[in-house]
file start29.cif (mmCIF, C-alpha atoms)
data_start
loop_
_atom_site.label_atom_id
_atom_site.label_comp_id
_atom_site.auth_asym_id
_atom_site.auth_seq_id
_atom_site.Cartn_x
_atom_site.Cartn_y
_atom_site.Cartn_z
CA MET Z 1 -27.34 9.46 12.71
CA THR Z 2 -23.93 10.97 11.91
CA THR Z 3 -20.93 8.92 13.05
CA ARG Z 4 -18.56 10.85 15.31
CA VAL Z 5 -14.94 9.81 14.87
CA ALA Z 6 -12.00 10.70 17.12
CA VAL Z 7 -8.43 10.71 15.78
CA PRO Z 8 -5.61 11.29 18.29
CA PHE Z 9 -2.75 13.04 16.48
CA ASP Z 10 0.90 13.17 17.55
CA GLY Z 11 2.52 14.36 14.32
CA SER Z 12 3.85 10.94 13.28
CA ASP Z 13 3.36 9.38 9.84
CA GLN Z 14 1.08 6.77 11.38
CA SER Z 15 -1.18 9.40 12.93
CA ARG Z 16 -1.34 11.23 9.60
CA LEU Z 17 -2.37 7.96 7.97
CA ALA Z 18 -5.03 7.60 10.68
CA ILE Z 19 -6.52 10.94 9.63
CA ALA Z 20 -6.57 9.85 5.98
CA TYR Z 21 -8.14 6.53 7.00
CA ALA Z 22 -10.87 8.29 8.99
CA PHE Z 23 -11.65 10.58 6.05
CA GLU Z 24 -11.79 7.59 3.67
CA GLN Z 25 -13.82 5.19 5.81
CA PHE Z 26 -16.20 7.78 7.27
CA PRO Z 27 -16.80 10.27 4.43
CA ASP Z 28 -20.04 11.52 5.97
CA GLY Z 29 -18.87 11.34 9.57
CA ASP Z 30 -17.84 14.19 11.83
CA VAL Z 31 -14.12 13.78 12.46
CA THR Z 32 -12.36 15.37 15.44
CA VAL Z 33 -8.57 15.39 15.28
CA PHE Z 34 -7.02 16.24 18.64
CA HIS Z 35 -3.53 16.64 19.99
CA VAL Z 36 -2.37 16.46 23.59
CA VAL Z 37 0.46 18.76 24.63
CA GLN Z 38 2.51 17.06 27.32
CA PRO Z 39 3.19 19.14 30.45
CA PHE Z 40 6.48 20.99 30.35
CA PRO Z 41 8.17 23.59 32.56
CA ASP Z 42 8.40 27.17 31.38
CA HIS Z 43 11.62 28.74 32.60
CA THR Z 44 11.56 31.62 30.14
CA LYS Z 45 10.44 34.08 32.82
CA ALA Z 46 13.85 33.80 34.42
CA GLY Z 47 16.29 36.58 33.65
CA GLY Z 48 13.58 39.06 32.69
CA HIS Z 49 12.19 37.15 29.68
CA ASP Z 50 8.51 37.40 28.81
CA GLY Z 51 7.59 33.78 29.67
CA ARG Z 52 5.66 33.11 26.47
CA ARG Z 53 6.87 29.57 25.85
CA HIS Z 54 3.43 28.03 26.54
CA ALA Z 55 1.77 30.40 24.09
CA ARG Z 56 4.35 29.65 21.40
CA VAL Z 57 4.06 25.88 21.86
CA PHE Z 58 0.27 25.93 21.67
CA GLU Z 59 0.32 28.14 18.59
CA ASP Z 60 2.79 25.79 16.91
CA ARG Z 61 0.59 22.77 17.69
CA ARG Z 62 -2.54 24.53 16.39
CA ARG Z 63 -0.73 25.18 13.13
CA LEU Z 64 0.36 21.53 12.99
CA LEU Z 65 -3.23 20.37 13.46
CA ALA Z 66 -4.53 22.74 10.79
CA GLU Z 67 -1.99 21.44 8.27
CA ALA Z 68 -2.80 17.81 9.15
CA VAL Z 69 -6.54 18.15 8.39
CA ALA Z 70 -6.20 20.39 5.34
CA ALA Z 71 -7.00 17.47 3.02
CA GLY Z 72 -10.42 17.07 4.61
CA THR Z 73 -11.86 20.45 3.69
CA ASP Z 74 -13.85 19.01 0.77
CA ARG Z 75 -15.54 16.29 2.84
CA THR Z 76 -19.27 16.02 3.43
CA GLY Z 77 -18.82 15.56 7.17
CA ASP Z 78 -17.44 18.17 9.53
CA VAL Z 79 -13.80 18.31 10.58
CA GLN Z 80 -12.63 20.01 13.74
CA THR Z 81 -9.39 20.17 15.69
CA VAL Z 82 -8.92 20.23 19.45
CA LEU Z 83 -5.83 20.97 21.53
CA LEU Z 84 -5.52 19.48 25.03
CA TYR Z 85 -2.92 19.67 27.78
CA GLY Z 86 -1.83 16.76 29.98
CA ARG Z 87 -0.38 13.27 29.90
CA PRO Z 88 -1.44 11.63 26.60
CA ARG Z 89 -1.89 8.20 28.18
CA ASP Z 90 -4.52 9.67 30.52
CA GLU Z 91 -5.99 12.50 28.46
CA VAL Z 92 -6.57 10.63 25.20
CA PRO Z 93 -8.92 7.91 26.57
CA ARG Z 94 -10.52 10.39 28.99
CA TYR Z 95 -11.37 12.84 26.22
CA ILE Z 96 -12.72 10.09 23.95
CA ALA Z 97 -15.00 8.74 26.67
CA ALA Z 98 -16.17 12.19 27.81
CA GLN Z 99 -17.12 13.34 24.30
CA GLY Z 100 -19.14 10.23 23.41
CA PHE Z 101 -17.48 9.38 20.09
CA ASP Z 102 -18.71 6.42 18.04
CA GLU Z 103 -15.36 5.34 16.57
CA VAL Z 104 -11.67 5.91 17.20
CA VAL Z 105 -8.91 5.75 14.58
CA MET Z 106 -5.30 6.08 15.67
CA GLY Z 107 -1.75 5.25 14.76
CA SER Z 108 0.42 3.11 17.00
CA ARG Z 109 3.97 4.19 17.68
CA GLY Z 110 5.26 0.78 18.65
CA LEU Z 111 8.38 0.66 20.81
CA SER Z 112 11.13 -1.84 20.11
CA GLY Z 113 13.14 -3.69 22.71
CA THR Z 114 10.78 -6.09 24.49
CA ALA Z 115 7.73 -8.02 23.38
CA THR Z 116 5.52 -6.30 25.96
CA ARG Z 117 6.24 -2.88 24.49
CA LEU Z 118 5.57 -3.55 20.81
CA LEU Z 119 2.34 -1.58 21.09
CA GLY Z 120 2.48 2.03 22.21
CA SER Z 121 1.33 2.80 25.76
CA VAL Z 122 -1.26 5.34 24.58
CA SER Z 123 -2.74 2.83 22.12
CA CYS Z 124 -2.97 0.21 24.86
CA ALA Z 125 -4.68 2.67 27.21
CA VAL Z 126 -7.23 3.61 24.55
CA ILE Z 127 -7.96 -0.02 23.63
CA ARG Z 128 -8.46 -1.02 27.27
CA ARG Z 129 -10.47 2.02 28.42
CA THR Z 130 -12.52 3.11 25.42
CA PRO Z 131 -16.13 1.84 25.11
CA VAL Z 132 -16.27 2.12 21.28
CA PRO Z 133 -14.46 0.38 18.38
CA VAL Z 134 -10.82 1.42 18.04
CA THR Z 135 -8.94 1.02 14.75
CA VAL Z 136 -5.16 1.02 15.11
CA LEU Z 137 -2.85 1.49 12.13
CA ARG Z 138 0.71 0.24 12.52
CA THR Z 139 1.83 0.81 8.94
CA ALA Z 140 3.20 4.01 7.44
CA PRO Z 141 2.03 5.56 4.14
CA THR Z 142 3.30 3.70 1.08
CA GLU Z 143 5.12 5.08 -1.94
CA ASP Z 144 2.22 4.04 -4.18
CA ASP Z 145 -0.30 5.91 -2.04
CA PRO Z 146 1.42 8.18 0.51
CA VAL Z 147 -1.80 9.84 1.69
CA ARG Z 148 -4.90 7.68 1.26
CA PRO Z 149 -4.99 4.14 2.68
CA PRO Z 150 -6.80 1.49 0.62
CA ARG Z 151 -10.26 0.22 1.48
CA PRO Z 152 -10.15 -3.25 3.07
CA ARG Z 153 -10.69 -6.13 0.63
CA ARG Z 154 -10.04 -9.18 2.84
CA VAL Z 155 -11.04 -9.01 6.51
CA LEU Z 156 -10.12 -11.58 9.15
CA VAL Z 157 -12.18 -12.05 12.33
CA PRO Z 158 -10.73 -14.33 15.04
CA PHE Z 159 -13.84 -16.20 16.14
CA ASP Z 160 -14.31 -18.41 19.22
CA GLY Z 161 -18.08 -18.08 19.57
CA SER Z 162 -17.86 -15.67 22.52
CA PRO Z 163 -20.10 -12.58 22.71
CA ARG Z 164 -17.12 -10.33 21.90
CA ALA Z 165 -16.25 -12.39 18.84
CA ARG Z 166 -19.84 -12.28 17.63
CA ASP Z 167 -19.86 -8.50 18.07
CA ALA Z 168 -16.63 -8.29 16.07
CA LEU Z 169 -18.10 -10.34 13.23
CA ARG Z 170 -21.24 -8.20 13.11
CA TYR Z 171 -19.07 -5.08 13.04
CA ALA Z 172 -17.02 -6.46 10.13
CA PHE Z 173 -20.16 -7.10 8.09
CA THR Z 174 -21.58 -3.65 8.86
CA ARG Z 175 -18.43 -1.56 8.45
CA PHE Z 176 -16.98 -3.33 5.40
CA PRO Z 177 -19.92 -4.22 3.11
CA GLY Z 178 -17.72 -4.84 0.08
CA ALA Z 179 -15.00 -6.95 1.71
CA ASP Z 180 -14.51 -10.71 1.81
CA VAL Z 181 -14.80 -11.75 5.47
CA THR Z 182 -13.21 -14.86 6.97
CA ALA Z 183 -13.86 -16.20 10.49
CA VAL Z 184 -10.93 -18.19 11.88
CA PHE Z 185 -11.26 -20.48 14.89
CA VAL Z 186 -7.98 -21.42 16.61
CA ALA Z 187 -8.07 -24.56 18.76
CA THR Z 188 -5.50 -24.76 21.57
CA THR Z 189 -4.61 -27.51 24.02
CA GLU Z 190 -6.09 -25.54 26.91
CA ALA Z 191 -9.26 -24.66 25.02
CA ALA Z 192 -9.76 -28.29 24.01
CA ALA Z 193 -9.24 -29.51 27.56
CA ASN Z 194 -11.67 -27.04 29.10
CA ARG Z 195 -14.25 -27.27 26.27
CA VAL Z 196 -14.85 -23.52 26.49
CA VAL Z 197 -17.25 -23.00 23.58
CA THR Z 198 -20.19 -20.61 23.36
CA LEU Z 199 -22.52 -21.26 20.47
CA GLY Z 200 -24.95 -18.37 20.86
CA ASP Z 201 -27.59 -17.46 18.31
CA GLY Z 202 -29.68 -20.51 19.15
CA GLY Z 203 -27.08 -23.10 18.10
CA ASP Z 204 -27.56 -26.70 19.26
CA ALA Z 205 -24.58 -28.61 20.60
CA THR Z 206 -23.70 -32.01 19.13
CA ASP Z 207 -22.30 -35.13 20.82
CA ARG Z 208 -18.90 -34.74 19.19
CA THR Z 209 -15.95 -33.56 21.27
CA GLY Z 210 -12.43 -32.31 20.61
CA PRO Z 211 -10.99 -29.26 18.87
CA ASP Z 212 -12.36 -30.22 15.45
CA ALA Z 213 -15.87 -30.51 16.84
CA ASP Z 214 -15.43 -27.27 18.77
CA GLY Z 215 -14.43 -25.52 15.59
CA GLU Z 216 -17.40 -26.90 13.68
CA ARG Z 217 -19.89 -25.77 16.32
CA VAL Z 218 -18.34 -22.33 16.68
CA LEU Z 219 -18.16 -21.70 12.94
CA VAL Z 220 -21.78 -22.77 12.49
CA ALA Z 221 -22.66 -19.89 14.82
CA ALA Z 222 -20.54 -17.58 12.63
CA GLN Z 223 -22.41 -18.72 9.51
CA ARG Z 224 -25.71 -17.92 11.20
CA ILE Z 225 -24.54 -14.37 11.87
CA ALA Z 226 -23.49 -14.05 8.23
CA ALA Z 227 -26.92 -15.25 7.09
CA ARG Z 228 -28.64 -12.64 9.25
CA HIS Z 229 -26.54 -9.96 7.53
CA ASP Z 230 -27.17 -11.51 4.10
CA ARG Z 231 -23.43 -11.94 3.61
CA SER Z 232 -21.19 -14.77 2.50
CA LEU Z 233 -18.54 -15.92 4.96
CA SER Z 234 -15.40 -18.01 4.61
CA VAL Z 235 -14.42 -20.09 7.63
CA ALA Z 236 -11.20 -21.77 8.70
CA THR Z 237 -9.89 -23.75 11.67
CA GLU Z 238 -6.30 -23.65 12.90
CA CYS Z 239 -4.60 -25.41 15.80
CA GLY Z 240 -1.78 -24.07 17.91
CA ASP Z 241 -0.73 -20.78 19.44
CA PRO Z 242 -3.56 -18.32 18.70
CA VAL Z 243 -1.45 -15.24 18.02
CA ALA Z 244 1.11 -17.06 15.87
CA CYS Z 245 -1.63 -18.82 13.90
CA LEU Z 246 -3.55 -15.60 13.28
CA ALA Z 247 -0.42 -13.65 12.30
CA THR Z 248 0.55 -16.39 9.84
CA TRP Z 249 -2.98 -16.49 8.43
CA VAL Z 250 -2.91 -12.74 7.86
CA ARG Z 251 0.42 -12.96 6.05
CA ASP Z 252 -0.31 -16.03 3.93
CA ASN Z 253 -3.83 -15.04 2.85
CA ASP Z 254 -3.33 -11.42 1.85
CA VAL Z 255 -5.54 -10.12 4.68
CA ASP Z 256 -5.57 -6.32 4.83
CA HIS Z 257 -7.72 -5.75 7.95
CA VAL Z 258 -8.38 -7.61 11.21
CA VAL Z 259 -11.45 -7.13 13.41
CA VAL Z 260 -11.12 -8.65 16.88
CA GLY Z 261 -13.34 -8.58 19.94
CA ARG Z 262 -11.85 -7.12 23.10
CA SER Z 263 -11.61 -9.52 26.03
CA PRO Z 264 -10.40 -8.63 29.55
CA VAL Z 265 -7.63 -11.26 29.64
CA SER Z 266 -7.06 -14.01 27.12
CA ARG Z 267 -7.41 -17.58 28.37
CA PHE Z 268 -5.10 -18.87 25.64
CA ARG Z 269 -1.56 -19.99 26.51
CA GLY Z 270 -0.20 -18.16 23.52
CA VAL Z 271 -1.14 -14.81 25.05
CA LEU Z 272 1.07 -14.28 28.07
CA LYS Z 273 -0.02 -10.77 28.99
CA GLY Z 274 -2.97 -8.58 28.14
CA SER Z 275 -5.76 -9.39 25.74
CA LEU Z 276 -5.77 -11.34 22.49
CA ALA Z 277 -6.52 -8.06 20.70
CA GLU Z 278 -3.32 -6.43 21.97
CA ALA Z 279 -1.29 -9.52 21.18
CA VAL Z 280 -2.60 -9.63 17.62
CA LEU Z 281 -1.91 -5.91 17.23
CA SER Z 282 1.71 -6.46 18.20
CA ARG Z 283 2.20 -9.15 15.54
CA VAL Z 284 0.51 -7.86 12.39
CA SER Z 285 1.20 -4.80 10.26
CA VAL Z 286 -2.31 -4.41 8.79
CA PRO Z 287 -4.96 -2.20 10.44
CA VAL Z 288 -6.74 -3.82 13.39
CA THR Z 289 -10.14 -2.80 14.75
CA VAL Z 290 -10.79 -3.76 18.37
CA VAL Z 291 -14.51 -4.05 19.17
CA PRO Z 292 -15.46 -3.70 22.87
#
call {"tool": "encode", "arguments": {"input": "start29.cif", "output": "structure tokens"}}
result
Amino acid sequence: MTTRVAVPFDGSDQSRLAIAYAFEQFPDGDVTVFHVVQPFPDHTKAGGHDGRRHARVFEDRRRLLAEAVAAGTDRTGDVQTVLLYGRPRDEVPRYIAAQGFDEVVMGSRGLSGTATRLLGSVSCAVIRRTPVPVTVLRTAPTEDDPVRPPRPRRVLVPFDGSPRARDALRYAFTRFPGADVTAVFVATTEAAANRVVTLGDGGDATDRTGPDADGERVLVAAQRIAARHDRSLSVATECGDPVACLATWVRDNDVDHVVVGRSPVSRFRGVLKGSLAEAVLSRVSVPVTVVP
């Protein structure tokens, strides 16, 4: 079955990179690049003018979309462009859900100033409301390769044994068959106190307790998933603030893609607001795929 990929486009360098990423990662997929025109008043009818501002704006945006997807004309999969009208924060997730896409790739126009606004509001809305995997790119094109992003070589999956984490690990194995995948378990004081560990996949608990034992049991479950996919898997255990530990691990181990399961609200102390996925997105510059 052909994969249907949605790419929201706002004209930024990051959204152009998202188009290139979608073309690269889904060469046989059908890619839809869409732009949302924000509502604006049209006062050009005053004073006897023809009132054609809406028509001119839409024509300009159609031309912008056509130029943005020009590089995909030689692809195997189809490429189409769509122009919408409304508030992007509402229209983008609504359109994605209504059209039944399989994947979403988008750039994030992070806002500086406060920690809670490091991730763009549209990106947050899509991550929270979209029922399919969402890949967010926070980096801009590089001088070495200004158009085509590289294929992932080293993929990190934050893994706590939960159903969402297991889904994320399965996705990483399926989507990135040639990459080295590492599952990282982060033990925290709160997690150790509550003993919140889900083995899954038929794992048997042991009599050992504590964060080290938790990590062992959780990562055994990760190894079982890897075996079912006939893949090798590296594992690691860290202790401390989850987001800080994961961001450091990405930086120090040359990770170029993160796949994280989406959870409603993180139970970790290191995540003060929103999900672990959003917190990780705000702290790393590599592409992040959030799996619902």
call {"tool": "residues_around", "arguments": {"input": "start29.cif", "residues": "Arg170 (chain Z)", "least_positions_apart": "6", "cutoff": "9 Å", "atoms": "only C-alpha atoms", "output": "compact mmCIF listing (two decimals) with C-alpha atoms, in the coordinates of the input"}}
result
# COMPACT_ATOMS: atom_id res chain seq x y z
CA ILE Z 225 -24.54 -14.37 11.87
CA ALA Z 226 -23.49 -14.05 8.23
CA HIS Z 229 -26.54 -9.96 7.53
call {"tool": "residues_around", "arguments": {"input": "start29.cif", "residues": "Thr73 (chain Z)", "least_positions_apart": "4", "cutoff": "12 Å", "atoms": "only C-alpha atoms", "output": "VMD selection string"}}
result
chain Z and resid 23 27 30 to 31 66 to 69 77 to 80
call {"tool": "atom_distance", "arguments": {"input": "start29.cif", "atom1": "CA of His257 (chain Z)", "atom2": "CA of Val286 (chain Z)"}}
result
5.6 Å
call {"tool": "closest_residue", "arguments": {"input": "start29.cif", "among": "Z:Phe40, Z:Phe185, Z:Phe173, Z:Trp249", "to": "Ala227 (chain Z)", "atoms": "only C-alpha atoms"}}
result
Z:Phe173
call {"tool": "residues_around", "arguments": {"input": "start29.cif", "residues": "region 232-239 of chain Z", "least_positions_apart": "6", "cutoff": "7 Å", "atoms": "only C-alpha atoms", "output": "PyMOL selection string"}}
result
chain Z and resi 181-188+215+219+223+226+245
call {"tool": "write_last_selection", "arguments": {"input": "start29.cif", "atoms": "C-alpha atoms", "output": "tab-separated table (two decimals), keeping the file's coordinate frame"}}
result
chain	number	residue	atom	x	y	z
Z	181	VAL	CA	-14.80	-11.75	5.47
Z	182	THR	CA	-13.21	-14.86	6.97
Z	183	ALA	CA	-13.86	-16.20	10.49
Z	184	VAL	CA	-10.93	-18.19	11.88
Z	185	PHE	CA	-11.26	-20.48	14.89
Z	186	VAL	CA	-7.98	-21.42	16.61
Z	187	ALA	CA	-8.07	-24.56	18.76
Z	188	THR	CA	-5.50	-24.76	21.57
Z	215	GLY	CA	-14.43	-25.52	15.59
Z	219	LEU	CA	-18.16	-21.70	12.94
Z	223	GLN	CA	-22.41	-18.72	9.51
Z	226	ALA	CA	-23.49	-14.05	8.23
Z	245	CYS	CA	-1.63	-18.82	13.90
call {"tool": "residues_around", "arguments": {"input": "start29.cif", "residues": "Val7 (chain Z)", "least_positions_apart": "3", "cutoff": "8 Å", "atoms": "only C-alpha atoms", "output": "PyMOL selection string"}}
result
chain Z and resi 15+18-19+22+31-34+104-106
